[in-house]
>>> print(open('coords_15.txt').read())   # compact mmCIF, C-alpha atoms and all ligand atoms
# COMPACT_ATOMS: atom_id res chain seq x y z
CA MET A 27 31.03 36.78 -69.23
CA GLN A 28 29.84 33.60 -70.89
CA GLU A 29 29.35 34.09 -74.60
CA SER A 30 27.19 31.17 -75.49
CA LYS A 31 25.09 28.80 -73.49
CA ASP A 32 26.30 25.25 -73.44
CA ILE A 33 23.45 23.01 -74.50
CA ASP A 34 23.50 20.76 -71.42
CA LYS A 35 24.21 23.55 -68.97
CA LEU A 36 21.79 25.88 -67.25
CA PHE A 37 22.32 29.27 -65.72
CA CYS A 38 22.57 29.31 -61.94
CA ASP A 39 21.87 32.69 -60.31
CA LYS A 40 23.73 31.75 -57.19
CA CYS A 41 26.87 30.61 -59.00
CA ASP A 42 26.39 33.40 -61.58
CA ASP A 43 27.44 31.03 -64.34
CA PHE A 44 26.28 28.25 -66.59
CA VAL A 45 26.53 25.08 -64.58
CA GLU A 46 26.06 21.36 -64.89
CA TYR A 47 22.99 20.02 -63.21
CA ASN A 48 21.33 16.89 -61.86
CA ILE A 49 17.70 15.97 -62.25
CA GLU A 50 15.96 15.21 -58.97
CA SER A 51 12.45 14.19 -57.96
CA ILE A 52 10.75 16.40 -55.42
CA LYS A 53 7.24 16.97 -54.16
CA GLU A 54 5.99 20.26 -55.48
CA SER A 55 2.76 22.14 -55.05
CA ARG A 56 1.27 24.04 -57.97
CA ASN A 57 -1.69 26.35 -58.05
CA ILE A 58 -4.09 25.60 -60.88
CA LEU A 59 -6.26 28.44 -62.17
CA ASN A 60 -6.27 30.04 -58.73
CA GLN A 61 -8.63 27.26 -57.72
CA GLU A 62 -6.61 24.53 -56.22
CA GLU A 63 -3.21 23.59 -54.89
CA ILE A 64 -2.13 20.39 -56.57
CA GLU A 65 0.78 18.40 -55.23
CA ILE A 66 2.88 16.55 -57.78
CA ASN A 67 6.04 14.52 -57.94
CA ALA A 68 8.05 16.98 -59.95
CA LYS A 69 11.33 16.46 -61.78
CA VAL A 70 13.61 19.43 -61.32
CA ALA A 71 17.09 20.46 -62.36
CA VAL A 72 19.49 21.14 -59.49
CA CYS A 73 22.86 22.90 -59.75
CA LYS A 74 25.70 20.45 -59.28
CA ASN A 75 27.77 23.04 -57.39
CA CYS A 76 25.37 24.71 -55.01
CA LYS A 77 22.22 22.52 -55.18
CA GLU A 78 20.08 25.50 -56.16
CA LYS A 79 16.94 24.67 -58.18
CA LEU A 80 17.35 25.81 -61.79
CA PHE A 81 14.75 26.68 -64.37
CA HIS A 82 14.54 23.95 -67.00
CA GLU A 83 11.92 24.74 -69.62
CA LYS A 84 11.14 21.19 -70.74
CA LEU A 85 10.94 19.79 -67.20
CA ASP A 86 8.80 22.72 -66.15
CA LYS A 87 6.33 22.04 -68.96
CA GLU A 88 6.17 18.38 -68.00
CA ASN A 89 5.54 19.29 -64.36
CA GLN A 90 2.82 21.70 -65.40
CA LYS A 91 1.20 18.94 -67.44
CA ARG A 92 1.37 16.58 -64.45
CA ALA A 93 -0.39 19.15 -62.29
CA PHE A 94 -3.09 19.78 -64.89
CA ASP A 95 -3.67 16.06 -65.40
CA LYS A 96 -4.10 15.62 -61.67
CA PHE A 97 -6.41 18.60 -61.49
CA ARG A 98 -8.56 17.18 -64.29
CA GLU A 99 -8.76 13.86 -62.56
CA LYS A 100 -9.75 15.47 -59.29
CA LYS A 101 -12.42 17.66 -60.89
CA ASN A 102 -13.70 14.92 -63.16
CA ILE A 103 -12.68 16.84 -66.25
CA LEU A 104 -12.06 14.70 -69.31
CA SER A 105 -8.44 14.40 -70.32
CA VAL A 106 -7.28 15.52 -73.76
CA LYS A 107 -6.95 11.88 -74.71
CA GLU A 108 -10.48 11.04 -73.59
CA ILE A 109 -11.82 14.00 -75.56
CA LYS A 110 -9.96 12.90 -78.68
CA ASP A 111 -11.15 9.33 -78.20
CA ILE A 112 -14.78 10.42 -78.17
CA ARG A 113 -14.36 12.26 -81.46
CA LYS A 114 -12.45 9.40 -83.05
CA LYS A 115 -15.02 6.88 -81.89
CA TYR A 116 -17.54 8.62 -84.16
CA LYS A 117 -14.97 9.14 -86.91
CA LEU A 118 -15.61 12.87 -86.93
CA THR A 119 -13.25 15.71 -87.70
CA GLN A 120 -12.77 18.53 -85.17
CA LYS A 121 -14.98 20.79 -87.30
CA GLU A 122 -17.71 18.20 -87.56
CA ILE A 123 -17.88 17.46 -83.84
CA SER A 124 -17.93 21.21 -83.08
CA ARG A 125 -20.87 21.72 -85.39
CA LEU A 126 -22.65 18.69 -84.03
CA LEU A 127 -22.34 20.11 -80.51
CA GLY A 128 -23.31 23.56 -81.69
CA TRP A 129 -20.00 25.03 -80.52
CA GLY A 130 -17.63 27.42 -82.20
CA GLU A 131 -15.06 25.57 -84.27
CA ILE A 132 -12.15 26.91 -82.27
CA THR A 133 -13.74 25.87 -78.97
CA TYR A 134 -13.45 22.18 -79.65
CA HIS A 135 -10.05 22.55 -81.26
CA ARG A 136 -8.75 24.24 -78.10
CA TYR A 137 -9.83 21.30 -75.97
CA GLU A 138 -7.79 18.90 -78.05
CA LYS A 139 -4.88 21.29 -77.68
CA GLY A 140 -5.14 21.06 -73.90
CA SER A 141 -7.46 23.86 -72.76
CA LEU A 142 -9.68 22.94 -69.85
CA PRO A 143 -13.30 22.58 -70.89
CA ASP A 144 -15.81 24.46 -68.72
CA GLN A 145 -18.32 22.39 -66.81
CA THR A 146 -21.12 22.60 -69.37
CA HIS A 147 -18.88 21.56 -72.23
CA ASN A 148 -17.32 18.84 -70.12
CA ASN A 149 -20.77 17.44 -69.35
CA GLN A 150 -21.82 17.62 -73.00
CA LEU A 151 -18.73 15.69 -74.00
CA ARG A 152 -19.47 13.07 -71.38
CA LEU A 153 -23.01 12.71 -72.66
CA ILE A 154 -21.96 12.11 -76.25
CA LYS A 155 -19.90 9.12 -75.19
CA GLU A 156 -23.24 7.38 -75.49
CA PRO A 157 -24.22 6.83 -79.16
CA SER A 158 -27.95 7.26 -78.47
CA ASN A 159 -27.26 10.81 -77.28
CA VAL A 160 -25.34 11.52 -80.46
CA LYS A 161 -28.35 10.29 -82.39
CA ILE A 162 -30.51 12.88 -80.64
CA LEU A 163 -27.95 15.61 -81.29
CA LEU A 164 -27.76 14.61 -84.92
CA GLU A 165 -31.51 14.98 -85.24
CA ASN A 166 -31.50 18.38 -83.54
CA ASN A 167 -28.36 19.88 -85.03
CA SER A 168 -28.46 18.49 -88.54
CA ASP A 169 -28.79 22.04 -89.93
CA ASN A 170 -25.22 22.69 -88.85
CA LEU A 171 -23.87 19.66 -90.69
CA SER A 172 -23.24 18.87 -94.33
CA ASN A 173 -25.19 16.03 -95.93
CA LYS A 174 -21.98 14.09 -96.27
CA THR A 175 -21.29 14.34 -92.54
CA ILE A 176 -24.86 13.44 -91.63
CA LYS A 177 -24.70 10.34 -93.82
CA LYS A 178 -21.30 9.33 -92.46
CA LEU A 179 -22.38 9.76 -88.85
CA HIS A 180 -25.63 7.88 -89.38
CA LYS A 181 -23.68 4.99 -90.81
CA ARG A 182 -21.24 5.03 -87.92
CA LEU A 183 -24.04 5.13 -85.35
CA GLU A 184 -25.75 2.16 -86.99
CA GLU A 185 -22.50 0.22 -86.84
CA MET A 186 -22.04 1.09 -83.18
CA ILE A 187 -25.55 0.16 -82.23
CA ALA A 188 -25.24 -3.15 -84.10
CA ASN A 189 -22.04 -3.91 -82.18
CA LYS A 190 -23.51 -2.92 -78.86
CA ASN A 191 -23.74 -6.47 -77.58
CA LYS A 192 -20.17 -7.19 -78.38
CA VAL A 193 -17.31 -6.57 -76.07
CA GLU A 194 -13.97 -6.04 -77.65
CA VAL A 195 -11.22 -7.34 -75.46
CA THR A 196 -7.64 -6.48 -76.10
CA LEU A 197 -5.34 -8.84 -74.35
CA PRO A 198 -1.61 -8.82 -73.85
CA GLU A 199 -0.15 -11.44 -76.14
CA GLU A 200 1.11 -13.53 -73.23
CA LEU A 201 -2.33 -13.66 -71.63
CA TYR A 202 -3.92 -14.45 -74.98
CA LYS A 203 -1.58 -17.42 -75.43
CA GLN A 204 -2.37 -18.74 -71.96
CA ILE A 205 -6.09 -18.50 -72.57
CA LYS A 206 -5.80 -20.13 -75.98
CA MET A 207 -3.85 -23.01 -74.46
CA LYS A 208 -6.37 -23.53 -71.67
CA ALA A 209 -9.31 -23.27 -74.05
CA GLU A 210 -7.80 -25.92 -76.32
CA LYS A 211 -7.18 -28.16 -73.35
CA ASP A 212 -10.86 -27.92 -72.42
CA LYS A 213 -11.88 -28.27 -76.07
CA MET A 214 -13.56 -24.89 -76.10
CA ASN A 215 -13.14 -22.04 -78.53
CA ILE A 216 -11.51 -18.92 -77.16
CA SER A 217 -14.61 -16.80 -77.18
CA GLU A 218 -16.55 -19.43 -75.21
CA TYR A 219 -13.70 -19.80 -72.81
CA LEU A 220 -13.42 -16.06 -72.27
CA LEU A 221 -17.11 -15.92 -71.56
CA PHE A 222 -16.70 -18.76 -69.15
CA LEU A 223 -13.93 -16.94 -67.31
CA ILE A 224 -15.80 -13.67 -67.22
CA THR A 225 -19.15 -14.99 -66.11
CA LYS A 226 -18.99 -15.50 -62.40
CA GLU A 227 -21.46 -18.36 -62.00
CA ASN A 228 -19.50 -20.50 -64.45
CA ALA A 229 -16.15 -19.79 -62.91
CA ALA A 230 -17.43 -20.59 -59.43
CA ASP A 231 -16.98 -24.38 -59.79
CA LYS A 232 -13.41 -24.00 -60.90
CA ALA A 233 -12.17 -21.68 -58.23
CA GLU A 234 -8.55 -22.45 -58.91
CA LYS A 235 -6.12 -19.69 -58.22
CA GLU A 236 -4.88 -19.62 -61.76
CA ILE A 237 -8.30 -19.33 -63.31
CA ASN A 238 -9.22 -16.58 -60.93
CA LYS A 239 -6.10 -14.73 -61.85
CA LEU A 240 -6.90 -15.01 -65.55
CA LYS A 241 -10.44 -13.96 -64.90
CA LYS A 242 -9.28 -10.90 -63.03
CA ASP A 243 -6.88 -9.96 -65.80
CA ILE A 244 -9.60 -10.24 -68.40
CA GLN A 245 -12.07 -8.29 -66.34
CA THR A 246 -9.50 -5.57 -65.93
CA SER A 247 -8.96 -5.51 -69.68
CA ILE A 248 -12.67 -5.20 -70.28
CA LEU A 249 -13.08 -2.57 -67.66
CA ARG A 250 -10.27 -0.63 -69.24
CA TYR A 251 -11.91 -1.06 -72.59
CA LYS A 252 -15.24 0.17 -71.32
CA THR A 253 -13.75 3.19 -69.62
CA SER A 254 -11.68 4.17 -72.58
CA PRO A 255 -11.11 1.96 -75.61
CA ALA A 256 -8.01 3.77 -76.65
CA ALA A 257 -6.48 3.29 -73.24
CA VAL A 258 -6.00 -0.31 -74.21
CA TRP A 259 -4.79 0.40 -77.72
CA ASN A 260 -2.34 2.99 -76.67
CA GLN A 261 -0.58 0.75 -74.26
CA LYS A 262 0.84 -1.07 -77.24
CA SER A 263 4.53 -1.44 -76.93
CA ILE A 264 7.10 -3.61 -78.60
CA SER A 265 7.27 -5.99 -75.67
CA GLU A 266 3.54 -6.20 -75.13
CA GLU A 267 1.74 -7.02 -78.32
CA LYS A 268 -2.02 -6.91 -78.08
CA VAL A 269 -4.41 -9.36 -79.60
CA LYS A 270 -7.83 -8.13 -80.52
CA TYR A 271 -10.57 -10.50 -79.71
CA LYS A 272 -14.28 -10.18 -80.05
CA ILE A 273 -16.77 -11.97 -77.83
CA LYS A 274 -20.47 -11.58 -77.50
CA ASN A 275 -21.98 -10.24 -74.34
CA LYS A 276 -24.30 -12.60 -72.61
ZN ZN B 1 24.80 26.95 -58.41
>>> encode(input="coords_15.txt", output="structure tokens", more="lines below")
Ligand SMILES: [Zn+2]
Amino acid sequence: MQESKDIDKLFCDKCDDFVEYNIESIKESRNILNQEEIEINAKVAVCKNCKEKLFHEKLDKENQKRAFDKFREKKNILSVKEIKDIRKKYKLTQKEISRLLGWGEITYHRYEKGSLPDQTHNNQLRLIKEPSNVKILLENNSDNLSNKTIKKLHKRLEEMIANKNKVEVTLPEELYKQIKMKAEKDKMNISEYLLFLITKENAADKAEKEINKLKKDIQTSILRYKTSPAAVWNQKSISEEKVKYKIKNK
């Protein structure tokens, strides 16, 4: 009888003992909410002696998350991150956004904790990505909100509407440097040069490979920004510093 469980050992039923294990990648199918079989690339612990699959709590949680993420993607359900990003975009607290939407306070909180929103709530969240829809909600649901929140949200909406014609591009530092260098060479400022690269008709005369590559990179950055601003921010890493740059939309 083993008295205590070694921290890097797991129990193997077949070996009837705590064993060392390897971590392997396998394709695994998981049923989500009795609705759908989702296939994922799972990481599993395997007994070093007999190759039996072992239960590893942390890996299991990660695999479950992978399956849920894939399920959300497939069903067009906003991810936890997207949901958080919407709230943060308006600088609202969880309570405030719940009240704005006319939901129970716990309902919204649960979605940030990972619960799957039902279709109606998912659609409502999608709709409030657009500031003009929030404006309408604010007019209709102002009874649920404190004066302080109403004032704060009004201010934020004004800011957002004023910035509507601006695109915020976050570029990897390396790309930023390249663009800066090329802009200086052509005696243009960076914002003009970015616009030049992004606007197709302008770039058409200079169909060099390099320029096209830069253009594609920038367009990808913008696309990423438009889909989810935080997607760009959160890719920050030590090796890839981002430079924030503002240009005006044509
Ligand atoms: Zn074993």
>>> atom_distance(input="coords_15.txt", atom1="CA of Arg136 (chain A)", atom2="CA of Leu151 (chain A)")
13.8 Å
>>> residues_around(input="coords_15.txt", residues="Leu164 (chain A)", least_positions_apart="3", cutoff="8 Å", atoms="all atoms listed in the file", output="list in words")
Leu126, Val160, Lys161, Asn167, Ser168 and Ile176 of chain A
>>> write_last_selection(input="coords_15.txt", atoms="C-alpha atoms", output="short mmCIF file (atom, residue, chain, number, x, y, z; two decimals), keeping the file's coordinate frame")
data_model
loop_
_atom_site.label_atom_id
_atom_site.label_comp_id
_atom_site.auth_asym_id
_atom_site.auth_seq_id
_atom_site.Cartn_x
_atom_site.Cartn_y
_atom_site.Cartn_z
CA LEU A 126 -22.65 18.69 -84.03
CA VAL A 160 -25.34 11.52 -80.46
CA LYS A 161 -28.35 10.29 -82.39
CA ASN A 167 -28.36 19.88 -85.03
CA SER A 168 -28.46 18.49 -88.54
CA ILE A 176 -24.86 13.44 -91.63
#
>>> residues_around(input="coords_15.txt", residues="Ile112 (chain A)", least_positions_apart="2", cutoff="8 Å", atoms="all atoms listed in the file", output="list in words")
Glu108, Ile109, Lys110, Lys114, Lys115, Tyr116, Leu151, Ile154 and Lys155 of chain A
>>> atom_distance(input="coords_15.txt", atom1="CA of Lys206 (chain A)", atom2="CA of Ala188 (chain A)")
27.1 Å
>>> closest_atom_pairs(input="coords_15.txt", of="chain A", to="ligand ZN 1 (chain B)", cutoff="6 Å", atoms="only C-alpha atoms and all ligand atoms", output="tab-separated table")
residue	atom	partner	partner_atom	distance
A:Cys38	CA	B:ZN1	ZN	4.8
A:Lys40	CA	B:ZN1	ZN	5.1
A:Cys41	CA	B:ZN1	ZN	4.2
A:Cys73	CA	B:ZN1	ZN	4.7
A:Asn75	CA	B:ZN1	ZN	5.0
A:Cys76	CA	B:ZN1	ZN	4.1
A:Glu78	CA	B:ZN1	ZN	5.4
